[in-house]
$ cat start_3.txt   # compact mmCIF, C-alpha atoms and all ligand atoms
# COMPACT_ATOMS: atom_id res chain seq x y z
CA MET A 243 -64.80 39.82 -32.50
CA ALA A 244 -61.96 39.33 -34.98
CA GLY A 245 -60.89 35.72 -35.29
CA VAL A 246 -62.22 32.25 -35.83
CA PHE A 247 -63.91 29.52 -33.88
CA VAL A 248 -62.33 26.18 -34.75
CA THR A 249 -64.72 23.30 -34.35
CA GLY A 250 -64.65 19.79 -35.74
CA THR A 251 -66.78 16.85 -36.69
CA GLY A 252 -66.05 15.38 -33.26
CA THR A 253 -63.31 14.78 -30.78
CA GLU A 254 -59.71 13.97 -31.86
CA VAL A 255 -60.24 15.15 -35.43
CA GLY A 256 -57.54 17.81 -35.57
CA LYS A 257 -59.12 20.95 -34.07
CA THR A 258 -56.04 21.80 -32.05
CA VAL A 259 -53.73 21.25 -35.00
CA VAL A 260 -55.87 23.44 -37.27
CA ALA A 261 -56.28 26.14 -34.61
CA ALA A 262 -52.55 26.09 -33.90
CA VAL A 263 -51.65 26.50 -37.58
CA ILE A 264 -54.11 29.38 -37.99
CA ALA A 265 -52.79 31.07 -34.84
CA ARG A 266 -49.23 30.60 -36.01
CA THR A 267 -50.05 32.03 -39.46
CA LEU A 268 -51.68 35.13 -37.99
CA ALA A 269 -48.80 35.64 -35.56
CA ALA A 270 -46.25 35.25 -38.36
CA GLU A 271 -48.02 38.12 -40.15
CA GLY A 272 -47.20 40.31 -37.17
CA ARG A 273 -50.57 40.16 -35.46
CA THR A 274 -51.04 39.73 -31.74
CA VAL A 275 -53.00 36.52 -31.37
CA ALA A 276 -54.92 35.36 -28.33
CA VAL A 277 -56.18 31.82 -28.00
CA PHE A 278 -59.13 30.42 -26.11
CA LYS A 279 -60.56 27.01 -25.26
CA PRO A 280 -63.72 27.06 -23.14
CA ALA A 281 -62.91 23.84 -21.32
CA VAL A 282 -60.06 21.36 -21.31
CA THR A 283 -60.69 17.85 -20.03
CA GLY A 284 -58.52 14.75 -19.71
CA LEU A 285 -55.58 16.46 -18.03
CA ASP A 286 -55.12 13.38 -15.80
CA GLU A 287 -54.22 11.25 -18.82
CA LEU A 288 -51.66 13.76 -20.09
CA THR A 289 -49.79 14.18 -16.84
CA ALA A 290 -49.55 10.39 -16.59
CA ASP A 291 -47.40 9.86 -19.69
CA GLY A 292 -46.69 13.24 -21.27
CA PRO A 293 -43.39 15.11 -21.25
CA LYS A 294 -42.49 17.32 -18.29
CA PRO A 295 -44.06 20.79 -18.31
CA SER A 296 -40.56 22.21 -18.62
CA ASP A 297 -40.01 20.35 -21.89
CA ILE A 298 -39.28 23.05 -24.45
CA ARG A 299 -40.68 20.91 -27.27
CA THR A 300 -44.06 22.11 -26.11
CA VAL A 301 -45.99 21.41 -29.28
CA SER A 302 -46.61 17.72 -29.24
CA ALA A 303 -49.67 15.56 -29.18
CA HIS A 304 -49.01 14.98 -25.47
CA ARG A 305 -49.45 18.53 -24.30
CA PRO A 306 -52.80 19.92 -23.25
CA ASP A 307 -54.61 21.96 -25.88
CA HIS A 308 -54.18 25.29 -24.11
CA GLU A 309 -50.39 24.84 -24.06
CA ILE A 310 -50.21 23.90 -27.74
CA LEU A 311 -52.37 26.89 -28.69
CA ARG A 312 -50.38 29.32 -26.53
CA HIS A 313 -47.12 28.12 -28.03
CA ALA A 314 -48.42 28.36 -31.61
CA ALA A 315 -49.77 31.88 -31.09
CA GLY A 316 -46.67 33.10 -29.27
CA SER A 317 -49.04 34.24 -26.56
CA ASN A 318 -48.21 34.95 -22.93
CA GLN A 319 -51.72 34.27 -21.66
CA SER A 320 -52.03 32.20 -18.48
CA ASP A 321 -53.70 28.78 -18.42
CA GLU A 322 -56.66 30.43 -16.72
CA GLU A 323 -56.97 33.11 -19.40
CA ILE A 324 -56.88 30.55 -22.22
CA ALA A 325 -59.01 27.84 -20.65
CA PRO A 326 -61.06 28.96 -17.65
CA TYR A 327 -62.31 25.43 -16.94
CA ARG A 328 -59.72 22.65 -16.76
CA TYR A 329 -60.52 19.14 -15.58
CA GLY A 330 -58.70 15.87 -15.01
CA PRO A 331 -61.16 13.25 -16.25
CA PRO A 332 -61.43 12.67 -20.00
CA ALA A 333 -65.16 13.39 -20.01
CA SER A 334 -67.57 15.73 -21.76
CA PRO A 335 -67.20 19.20 -20.19
CA HIS A 336 -70.58 19.23 -18.47
CA LEU A 337 -69.82 15.86 -16.83
CA ALA A 338 -66.24 16.78 -15.95
CA ALA A 339 -67.57 19.94 -14.28
CA LYS A 340 -70.21 17.95 -12.42
CA LEU A 341 -67.58 15.49 -11.18
CA ALA A 342 -65.65 18.51 -9.87
CA GLY A 343 -68.79 19.69 -8.06
CA GLU A 344 -69.40 22.75 -10.22
CA GLU A 345 -71.13 23.91 -13.35
CA ILE A 346 -69.69 25.78 -16.29
CA ASP A 347 -71.06 29.32 -16.40
CA PRO A 348 -71.75 30.46 -19.99
CA ALA A 349 -71.52 34.13 -19.01
CA ARG A 350 -68.06 33.54 -17.54
CA LEU A 351 -66.97 31.83 -20.76
CA VAL A 352 -68.15 34.68 -22.94
CA ALA A 353 -66.56 37.26 -20.64
CA ALA A 354 -63.28 35.33 -20.57
CA ALA A 355 -63.18 35.00 -24.37
CA ARG A 356 -63.90 38.71 -24.78
CA ALA A 357 -61.21 39.56 -22.25
CA ALA A 358 -58.72 37.41 -24.16
CA ALA A 359 -59.68 39.06 -27.44
CA ALA A 360 -59.48 42.56 -25.98
CA GLY A 361 -55.72 42.43 -25.75
CA ALA A 362 -55.17 41.00 -29.22
CA ASP A 363 -55.65 41.61 -32.94
CA ALA A 364 -57.34 38.24 -33.37
CA LEU A 365 -58.76 35.47 -31.25
CA VAL A 366 -58.43 31.83 -32.23
CA CYS A 367 -60.89 29.79 -30.23
CA GLU A 368 -60.97 26.00 -30.22
CA GLY A 369 -64.25 24.33 -29.32
CA VAL A 370 -64.66 21.14 -27.34
CA GLY A 371 -65.65 17.99 -29.23
CA GLY A 372 -68.18 18.99 -31.88
CA LEU A 373 -70.75 21.77 -32.13
CA LEU A 374 -73.54 20.06 -30.19
CA VAL A 375 -71.47 19.19 -27.13
CA PRO A 376 -73.17 20.59 -24.01
CA LEU A 377 -71.08 22.90 -21.86
CA ALA A 378 -73.73 23.49 -19.22
CA TRP A 379 -77.30 22.49 -18.55
CA ARG A 380 -78.66 25.82 -17.47
CA LEU A 381 -81.00 27.89 -19.58
CA SER A 382 -78.63 29.45 -22.01
CA ARG A 383 -80.36 32.74 -22.68
CA PRO A 384 -83.47 34.60 -21.59
CA ILE A 385 -85.76 33.38 -24.32
CA ASP A 386 -89.34 32.29 -24.12
CA GLU A 387 -88.60 28.59 -24.35
CA LYS A 388 -90.74 26.44 -22.13
CA VAL A 389 -87.95 24.11 -21.11
CA ALA A 390 -84.40 24.76 -20.15
CA ARG A 391 -81.95 23.60 -22.77
CA PRO A 392 -78.23 23.06 -22.50
CA TYR A 393 -75.69 25.67 -23.45
CA LEU A 394 -73.87 24.04 -26.35
CA VAL A 395 -70.46 24.70 -27.87
CA ARG A 396 -72.45 26.06 -30.79
CA ASP A 397 -74.12 28.63 -28.52
CA LEU A 398 -70.70 29.90 -27.50
CA ALA A 399 -69.68 30.31 -31.15
CA VAL A 400 -72.89 32.28 -31.72
CA ASP A 401 -72.35 34.42 -28.63
CA LEU A 402 -68.80 35.22 -29.75
CA GLY A 403 -70.04 36.03 -33.25
CA MET A 404 -67.11 34.36 -34.96
CA PRO A 405 -66.97 32.44 -38.24
CA VAL A 406 -66.46 28.74 -37.88
CA VAL A 407 -63.65 26.56 -39.21
CA VAL A 408 -64.46 22.85 -39.33
CA ALA A 409 -61.66 20.31 -38.84
CA ALA A 410 -62.49 16.91 -40.30
CA SER A 411 -60.84 13.64 -41.25
CA PRO A 412 -60.13 13.03 -44.93
CA GLY A 413 -61.26 9.38 -44.96
CA LEU A 414 -64.35 7.24 -45.09
CA GLY A 415 -67.26 8.61 -43.06
CA THR A 416 -66.24 12.21 -43.28
CA ILE A 417 -68.90 13.30 -45.79
CA ASN A 418 -71.74 12.60 -43.39
CA HIS A 419 -69.96 14.02 -40.32
CA THR A 420 -68.87 17.15 -42.13
CA LEU A 421 -72.24 17.85 -43.76
CA LEU A 422 -73.98 17.38 -40.41
CA THR A 423 -71.58 19.83 -38.80
CA VAL A 424 -71.95 22.43 -41.54
CA GLU A 425 -75.72 22.10 -41.37
CA ALA A 426 -75.74 22.44 -37.58
CA ALA A 427 -73.56 25.54 -37.82
CA ARG A 428 -75.70 27.22 -40.47
CA ALA A 429 -78.93 26.32 -38.65
CA ALA A 430 -77.73 28.55 -35.82
CA GLY A 431 -76.77 31.36 -38.20
CA LEU A 432 -73.04 30.70 -38.06
CA THR A 433 -70.85 31.30 -41.10
CA VAL A 434 -68.70 28.34 -42.09
CA ALA A 435 -65.46 29.91 -43.30
CA VAL A 436 -63.71 26.73 -44.39
CA VAL A 437 -63.53 22.99 -43.83
CA VAL A 438 -60.02 21.66 -43.25
CA LEU A 439 -59.31 17.97 -43.96
CA THR A 440 -56.47 16.84 -41.71
CA PRO A 441 -54.04 15.13 -41.82
CA TRP A 442 -54.19 15.07 -45.63
CA PRO A 443 -52.06 12.21 -46.97
CA ALA A 444 -49.12 12.84 -49.28
CA ARG A 445 -50.77 10.52 -51.80
CA PRO A 446 -54.52 10.89 -51.30
CA SER A 447 -56.67 7.95 -52.35
CA GLN A 448 -59.58 8.22 -54.75
CA ILE A 449 -61.94 8.19 -51.76
CA GLU A 450 -60.12 11.07 -50.07
CA ARG A 451 -60.00 13.17 -53.22
CA SER A 452 -63.65 12.44 -53.86
CA ASN A 453 -64.56 13.30 -50.26
CA ARG A 454 -63.00 16.72 -50.68
CA GLU A 455 -64.93 17.43 -53.89
CA THR A 456 -68.17 16.01 -52.56
CA ILE A 457 -68.09 18.13 -49.41
CA GLU A 458 -67.24 21.20 -51.44
CA THR A 459 -70.14 20.58 -53.81
CA LEU A 460 -72.80 19.45 -51.35
CA ALA A 461 -72.03 21.95 -48.57
CA ARG A 462 -71.07 24.80 -50.94
CA VAL A 463 -68.07 25.49 -48.74
CA ARG A 464 -64.36 25.96 -49.31
CA VAL A 465 -62.38 22.84 -48.40
CA GLU A 466 -58.66 23.07 -47.58
CA THR A 467 -56.24 20.32 -46.66
CA LEU A 468 -53.47 20.18 -44.10
CA PRO A 469 -50.60 17.70 -44.57
CA ARG A 470 -49.23 15.68 -41.66
CA LEU A 471 -47.08 18.16 -39.75
CA ASP A 472 -44.13 17.88 -37.43
CA LEU A 473 -45.93 19.32 -34.43
CA ALA A 474 -42.68 19.95 -32.60
CA ASP A 475 -41.47 22.31 -35.33
CA PRO A 476 -43.94 25.18 -35.89
CA GLY A 477 -41.41 26.81 -38.21
CA SER A 478 -42.10 24.06 -40.73
CA TRP A 479 -45.87 24.51 -40.76
CA PRO A 480 -47.67 25.79 -43.86
CA ALA A 481 -49.70 29.01 -43.71
CA LEU A 482 -53.42 28.56 -43.14
CA LEU A 483 -55.74 31.52 -43.06
CA PRO A 484 -59.51 31.37 -43.17
CA PRO A 485 -60.97 33.60 -45.89
CA PRO A 486 -62.13 37.01 -44.69
CA ALA A 487 -65.74 36.92 -43.48
N1 LIG B 501 -52.05 17.75 -39.91
C1 LIG B 501 -51.71 16.97 -38.86
N2 LIG B 501 -50.41 16.71 -38.61
C2 LIG B 501 -50.04 15.93 -37.59
N3 LIG B 501 -50.89 15.37 -36.73
C3 LIG B 501 -52.21 15.57 -36.93
C4 LIG B 501 -52.67 16.40 -38.00
N4 LIG B 501 -54.02 16.45 -37.93
C5 LIG B 501 -54.37 15.69 -36.88
N5 LIG B 501 -53.30 15.16 -36.27
C6 LIG B 501 -53.25 14.27 -35.10
O1 LIG B 501 -54.54 13.80 -34.81
C7 LIG B 501 -54.75 13.75 -33.40
C8 LIG B 501 -55.91 14.61 -33.03
O2 LIG B 501 -55.61 15.98 -33.32
P1 LIG B 501 -56.03 17.14 -32.36
O3 LIG B 501 -55.47 16.96 -31.00
O4 LIG B 501 -55.73 18.41 -33.06
O5 LIG B 501 -57.61 16.84 -32.31
P2 LIG B 501 -58.73 17.66 -31.53
O6 LIG B 501 -59.94 17.63 -32.40
O7 LIG B 501 -58.20 18.97 -31.10
O8 LIG B 501 -58.95 16.73 -30.26
P3 LIG B 501 -59.75 17.13 -28.90
O9 LIG B 501 -61.18 16.82 -29.20
O10 LIG B 501 -59.14 16.19 -27.90
O11 LIG B 501 -59.49 18.56 -28.61
C9 LIG B 501 -53.47 14.23 -32.74
O12 LIG B 501 -52.69 13.14 -32.37
C10 LIG B 501 -52.80 15.03 -33.84
O13 LIG B 501 -51.44 15.03 -33.68
MG MG B 502 -58.01 19.73 -29.21
$ encode --input "start_3.txt" --output "structure tokens"
Amino acid sequence: MAGVFVTGTGTEVGKTVVAAVIARTLAAEGRTVAVFKPAVTGLDELTADGPKPSDIRTVSAHRPDHEILRHAAGSNQSDEEIAPYRYGPPASPHLAAKLAGEEIDPARLVAAARAAAAGADALVCEGVGGLLVPLAWRLSRPIDEKVARPYLVRDLAVDLGMPVVVAASPGLGTINHTLLTVEAARAAGLTVAVVVLTPWPARPSQIERSNRETIETLARVRVETLPRLDLADPGSWPALLPPPA
């Protein structure tokens, strides 16, 4: 499947921003870009204080991820096509699903992502939280494991066969979080295309500059930076393309 799977060192680390900039870059090159997010949670919080759905300044921190991604990609996919599971509570997807009296079906996710990709030149998929976040508790694949294990965000990335982009903070603590994420990705056979430190300050401190070099050296991975962007003005965003696999 052509495209990338944007994960992060955790929640609220810039996955949506990074995915949006990649989608925008691909679309600006003339490619048809589809976007995908297996599950969106916390919609209750957004509707409480966010702008009206009709607000044309769609790309803001107060819009749900699937709307930001759709806008950045210039896609006409429906909410359902981008994010098949959407929940009100700001909880982990497996819990949000449980609270809604259902369970996320891994096969449905994979089918939905493939369907989204089928109509496009590239798929930009944003994960949920980090790589080891459970999406569902059912046995993820017919393997000879003795115990059922959860279907993780990482399993979805593997099933989609896409290289991974890791969004991470530039500051203190990021070395450990980023190295753990890269290691978890590689342990499952995933290719880490690039780590993106975001938002990268205009005048990075010694710690931030050192973090970038240290991650590059210890993880043997390319590390890019993304400055603080005006999210309401995609025209002002820099280009960001993961290296070819
Ligand atoms: N380069 C950037 N420019 C502007 N804002 C940024 C940038 N990087 C991160 N942010 C801000 O950091 C916050 C978290 O970013 P984002 O929503 O992309 O995180 P996320 O990892 O997708 O979160 P979630 O786990 O909820 O999906 C947002 O308020 C976003 O605006
Ligand atoms: Mg997000």
$ closest_atom_pairs --input "start_3.txt" --of "chain A" --to "ligand MG 502 (chain B)" --cutoff "12 Å" --atoms "all atoms listed in the file" --output "JSON lines"
{"residue": "A:Val248", "atom": "CA", "partner": "B:MG502", "partner_atom": "MG", "distance": 9.5}
{"residue": "A:Thr249", "atom": "CA", "partner": "B:MG502", "partner_atom": "MG", "distance": 9.2}
{"residue": "A:Gly250", "atom": "CA", "partner": "B:MG502", "partner_atom": "MG", "distance": 9.3}
{"residue": "A:Thr251", "atom": "CA", "partner": "B:MG502", "partner_atom": "MG", "distance": 11.9}
{"residue": "A:Gly252", "atom": "CA", "partner": "B:MG502", "partner_atom": "MG", "distance": 10.0}
{"residue": "A:Thr253", "atom": "CA", "partner": "B:MG502", "partner_atom": "MG", "distance": 7.4}
{"residue": "A:Glu254", "atom": "CA", "partner": "B:MG502", "partner_atom": "MG", "distance": 6.6}
{"residue": "A:Val255", "atom": "CA", "partner": "B:MG502", "partner_atom": "MG", "distance": 8.0}
{"residue": "A:Gly256", "atom": "CA", "partner": "B:MG502", "partner_atom": "MG", "distance": 6.7}
{"residue": "A:Lys257", "atom": "CA", "partner": "B:MG502", "partner_atom": "MG", "distance": 5.1}
{"residue": "A:Thr258", "atom": "CA", "partner": "B:MG502", "partner_atom": "MG", "distance": 4.0}
{"residue": "A:Val259", "atom": "CA", "partner": "B:MG502", "partner_atom": "MG", "distance": 7.4}
{"residue": "A:Val260", "atom": "CA", "partner": "B:MG502", "partner_atom": "MG", "distance": 9.1}
{"residue": "A:Ala261", "atom": "CA", "partner": "B:MG502", "partner_atom": "MG", "distance": 8.6}
{"residue": "A:Ala262", "atom": "CA", "partner": "B:MG502", "partner_atom": "MG", "distance": 9.6}
{"residue": "A:Phe278", "atom": "CA", "partner": "B:MG502", "partner_atom": "MG", "distance": 11.2}
{"residue": "A:Lys279", "atom": "CA", "partner": "B:MG502", "partner_atom": "MG", "distance": 8.7}
{"residue": "A:Pro280", "atom": "CA", "partner": "B:MG502", "partner_atom": "MG", "distance": 11.1}
{"residue": "A:Ala281", "atom": "CA", "partner": "B:MG502", "partner_atom": "MG", "distance": 10.2}
{"residue": "A:Val282", "atom": "CA", "partner": "B:MG502", "partner_atom": "MG", "distance": 8.3}
{"residue": "A:Thr283", "atom": "CA", "partner": "B:MG502", "partner_atom": "MG", "distance": 9.7}
{"residue": "A:Gly284", "atom": "CA", "partner": "B:MG502", "partner_atom": "MG", "distance": 10.7}
{"residue": "A:Leu285", "atom": "CA", "partner": "B:MG502", "partner_atom": "MG", "distance": 11.9}
{"residue": "A:Ser302", "atom": "CA", "partner": "B:MG502", "partner_atom": "MG", "distance": 11.6}
{"residue": "A:Ala303", "atom": "CA", "partner": "B:MG502", "partner_atom": "MG", "distance": 9.3}
{"residue": "A:His304", "atom": "CA", "partner": "B:MG502", "partner_atom": "MG", "distance": 10.8}
{"residue": "A:Arg305", "atom": "CA", "partner": "B:MG502", "partner_atom": "MG", "distance": 9.9}
{"residue": "A:Pro306", "atom": "CA", "partner": "B:MG502", "partner_atom": "MG", "distance": 7.9}
{"residue": "A:Asp307", "atom": "CA", "partner": "B:MG502", "partner_atom": "MG", "distance": 5.3}
{"residue": "A:His308", "atom": "CA", "partner": "B:MG502", "partner_atom": "MG", "distance": 8.5}
{"residue": "A:Glu309", "atom": "CA", "partner": "B:MG502", "partner_atom": "MG", "distance": 10.5}
{"residue": "A:Ile310", "atom": "CA", "partner": "B:MG502", "partner_atom": "MG", "distance": 9.0}
{"residue": "A:Leu311", "atom": "CA", "partner": "B:MG502", "partner_atom": "MG", "distance": 9.1}
{"residue": "A:Ala325", "atom": "CA", "partner": "B:MG502", "partner_atom": "MG", "distance": 11.8}
{"residue": "A:Cys367", "atom": "CA", "partner": "B:MG502", "partner_atom": "MG", "distance": 10.5}
{"residue": "A:Glu368", "atom": "CA", "partner": "B:MG502", "partner_atom": "MG", "distance": 7.0}
{"residue": "A:Gly369", "atom": "CA", "partner": "B:MG502", "partner_atom": "MG", "distance": 7.8}
{"residue": "A:Val370", "atom": "CA", "partner": "B:MG502", "partner_atom": "MG", "distance": 7.1}
{"residue": "A:Gly371", "atom": "CA", "partner": "B:MG502", "partner_atom": "MG", "distance": 7.8}
{"residue": "A:Gly372", "atom": "CA", "partner": "B:MG502", "partner_atom": "MG", "distance": 10.5}
{"residue": "A:Ala409", "atom": "CA", "partner": "B:MG502", "partner_atom": "MG", "distance": 10.3}
$ write_last_selection --input "start_3.txt" --atoms "C-alpha atoms" --output "PDB file, in the frame of the given file"
ATOM      1  CA  VAL A 248     -62.330  26.180 -34.750  1.00  0.00           C
ATOM      2  CA  THR A 249     -64.720  23.300 -34.350  1.00  0.00           C
ATOM      3  CA  GLY A 250     -64.650  19.790 -35.740  1.00  0.00           C
ATOM      4  CA  THR A 251     -66.780  16.850 -36.690  1.00  0.00           C
ATOM      5  CA  GLY A 252     -66.050  15.380 -33.260  1.00  0.00           C
ATOM      6  CA  THR A 253     -63.310  14.780 -30.780  1.00  0.00           C
ATOM      7  CA  GLU A 254     -59.710  13.970 -31.860  1.00  0.00           C
ATOM      8  CA  VAL A 255     -60.240  15.150 -35.430  1.00  0.00           C
ATOM      9  CA  GLY A 256     -57.540  17.810 -35.570  1.00  0.00           C
ATOM     10  CA  LYS A 257     -59.120  20.950 -34.070  1.00  0.00           C
ATOM     11  CA  THR A 258     -56.040  21.800 -32.050  1.00  0.00           C
ATOM     12  CA  VAL A 259     -53.730  21.250 -35.000  1.00  0.00           C
ATOM     13  CA  VAL A 260     -55.870  23.440 -37.270  1.00  0.00           C
ATOM     14  CA  ALA A 261     -56.280  26.140 -34.610  1.00  0.00           C
ATOM     15  CA  ALA A 262     -52.550  26.090 -33.900  1.00  0.00           C
ATOM     16  CA  PHE A 278     -59.130  30.420 -26.110  1.00  0.00           C
ATOM     17  CA  LYS A 279     -60.560  27.010 -25.260  1.00  0.00           C
ATOM     18  CA  PRO A 280     -63.720  27.060 -23.140  1.00  0.00           C
ATOM     19  CA  ALA A 281     -62.910  23.840 -21.320  1.00  0.00           C
ATOM     20  CA  VAL A 282     -60.060  21.360 -21.310  1.00  0.00           C
ATOM     21  CA  THR A 283     -60.690  17.850 -20.030  1.00  0.00           C
ATOM     22  CA  GLY A 284     -58.520  14.750 -19.710  1.00  0.00           C
ATOM     23  CA  LEU A 285     -55.580  16.460 -18.030  1.00  0.00           C
ATOM     24  CA  SER A 302     -46.610  17.720 -29.240  1.00  0.00           C
ATOM     25  CA  ALA A 303     -49.670  15.560 -29.180  1.00  0.00           C
ATOM     26  CA  HIS A 304     -49.010  14.980 -25.470  1.00  0.00           C
ATOM     27  CA  ARG A 305     -49.450  18.530 -24.300  1.00  0.00           C
ATOM     28  CA  PRO A 306     -52.800  19.920 -23.250  1.00  0.00           C
ATOM     29  CA  ASP A 307     -54.610  21.960 -25.880  1.00  0.00           C
ATOM     30  CA  HIS A 308     -54.180  25.290 -24.110  1.00  0.00           C
ATOM     31  CA  GLU A 309     -50.390  24.840 -24.060  1.00  0.00           C
ATOM     32  CA  ILE A 310     -50.210  23.900 -27.740  1.00  0.00           C
ATOM     33  CA  LEU A 311     -52.370  26.890 -28.690  1.00  0.00           C
ATOM     34  CA  ALA A 325     -59.010  27.840 -20.650  1.00  0.00           C
ATOM     35  CA  CYS A 367     -60.890  29.790 -30.230  1.00  0.00           C
ATOM     36  CA  GLU A 368     -60.970  26.000 -30.220  1.00  0.00           C
ATOM     37  CA  GLY A 369     -64.250  24.330 -29.320  1.00  0.00           C
ATOM     38  CA  VAL A 370     -64.660  21.140 -27.340  1.00  0.00           C
ATOM     39  CA  GLY A 371     -65.650  17.990 -29.230  1.00  0.00           C
ATOM     40  CA  GLY A 372     -68.180  18.990 -31.880  1.00  0.00           C
ATOM     41  CA  ALA A 409     -61.660  20.310 -38.840  1.00  0.00           C
TER      42      ALA A 409
END
$ closest_residue --input "start_3.txt" --among "A:Ala339, A:Leu483, A:Ser334, A:Ala270" --to "ligand LIG 501 (chain B)" --atoms "only C-alpha atoms and all ligand atoms"
A:Ser334
$ residues_around --input "start_3.txt" --residues "Asp286 of chain A" --least-positions-apart "6" --cutoff "10 Å" --atoms "only C-alpha atoms" --output "PyMOL selection string"
chain A and resi 329-332
$ closest_residue --input "start_3.txt" --among "A:Ala481, A:Ile264, A:Leu373, A:Ala333" --to "Leu422 of chain A" --atoms "only C-alpha atoms"
A:Leu373
$ atom_distance --input "start_3.txt" --atom1 "atom CA of Val246 of chain A" --atom2 "atom CA of Thr423 of chain A"
15.8 Å
$ axis_aligned_box --input "start_3.txt" --around "ligand LIG 501 (chain B)" --padding-each-side "4 Å" --output "AutoDock Vina command-line options"
--center_x -55.6 --center_y 16.1 --center_z -33.9 --size_x 19.1 --size_y 13.8 --size_z 20.0
$ closest_residue --input "start_3.txt" --among "A:Pro392, A:Leu482, A:Ala430, A:Leu402" --to "Glu271 of chain A" --atoms "only C-alpha atoms"
A:Leu482
$ residues_near_point --input "start_3.txt" --point "(-59.3, 16.3, -42.8)" --cutoff "6 Å" --atoms "only C-alpha atoms" --output "ChimeraX atom specification"
/A:410-412,438-442
$ atom_distance --input "start_3.txt" --atom1 "atom CA of Leu394 of chain A" --atom2 "atom CA of Val352 of chain A"
12.6 Å
$ closest_residue --input "start_3.txt" --among "A:Leu421, A:Leu288, A:Leu268, A:Leu351" --to "ligand LIG 501 (chain B)" --atoms "only C-alpha atoms and all ligand atoms"
A:Leu288
$ atom_distance --input "start_3.txt" --atom1 "atom CA of Leu377 of chain A" --atom2 "atom CA of Pro348 of chain A"
7.8 Å
$ closest_residue --input "start_3.txt" --among "A:Gly477, A:Val395, A:Ala314, A:Pro443" --to "ligand LIG 501 (chain B)" --atoms "all atoms listed in the file"
A:Pro443
$ closest_residue --input "start_3.txt" --among "A:Pro469, A:Pro480, A:Gly245, A:Gly415" --to "ligand LIG 501 (chain B)" --atoms "all atoms listed in the file"
A:Pro469
$ decode --input "start_3.txt" --residues "segment 418-422 of chain A" --atoms "all heavy atoms" --output "mmCIF file, in the first residue's frame"
data_model
loop_
_atom_site.group_PDB
_atom_site.id
_atom_site.type_symbol
_atom_site.label_atom_id
_atom_site.label_comp_id
_atom_site.auth_asym_id
_atom_site.auth_seq_id
_atom_site.Cartn_x
_atom_site.Cartn_y
_atom_site.Cartn_z
ATOM 1 N N ASN A 418 14.271 8.901 25.237
ATOM 2 C CA ASN A 418 13.748 7.617 25.700
ATOM 3 C C ASN A 418 12.461 7.243 24.959
ATOM 4 O O ASN A 418 12.335 6.130 24.433
ATOM 5 C CB ASN A 418 13.503 7.679 27.207
ATOM 6 C CG ASN A 418 12.945 6.389 27.748
ATOM 7 O OD1 ASN A 418 13.532 5.329 27.555
ATOM 8 N ND2 ASN A 418 11.809 6.467 28.411
ATOM 9 N N HIS A 419 11.513 8.157 24.884
ATOM 10 C CA HIS A 419 10.230 7.858 24.230
ATOM 11 C C HIS A 419 10.427 7.503 22.761
ATOM 12 O O HIS A 419 9.775 6.598 22.232
ATOM 13 C CB HIS A 419 9.285 9.062 24.337
ATOM 14 C CG HIS A 419 8.800 9.312 25.726
ATOM 15 N ND1 HIS A 419 8.398 10.544 26.177
ATOM 16 C CD2 HIS A 419 8.651 8.468 26.775
ATOM 17 C CE1 HIS A 419 8.022 10.460 27.450
ATOM 18 N NE2 HIS A 419 8.169 9.217 27.823
ATOM 19 N N THR A 420 11.309 8.223 22.108
ATOM 20 C CA THR A 420 11.494 7.985 20.673
ATOM 21 C C THR A 420 12.221 6.668 20.428
ATOM 22 O O THR A 420 11.834 5.894 19.546
ATOM 23 C CB THR A 420 12.259 9.155 20.028
ATOM 24 O OG1 THR A 420 11.569 10.370 20.338
ATOM 25 C CG2 THR A 420 12.333 8.994 18.521
ATOM 26 N N LEU A 421 13.261 6.397 21.227
ATOM 27 C CA LEU A 421 13.988 5.139 21.041
ATOM 28 C C LEU A 421 13.094 3.940 21.340
ATOM 29 O O LEU A 421 13.145 2.922 20.646
ATOM 30 C CB LEU A 421 15.246 5.110 21.916
ATOM 31 C CG LEU A 421 16.327 6.151 21.583
ATOM 32 C CD1 LEU A 421 17.539 5.978 22.486
ATOM 33 C CD2 LEU A 421 16.743 6.086 20.118
ATOM 34 N N LEU A 422 12.246 4.069 22.362
ATOM 35 C CA LEU A 422 11.309 2.978 22.664
ATOM 36 C C LEU A 422 10.374 2.738 21.477
ATOM 37 O O LEU A 422 10.076 1.602 21.113
ATOM 38 C CB LEU A 422 10.477 3.320 23.913
ATOM 39 C CG LEU A 422 11.173 3.209 25.279
ATOM 40 C CD1 LEU A 422 10.280 3.790 26.365
ATOM 41 C CD2 LEU A 422 11.497 1.755 25.586
#
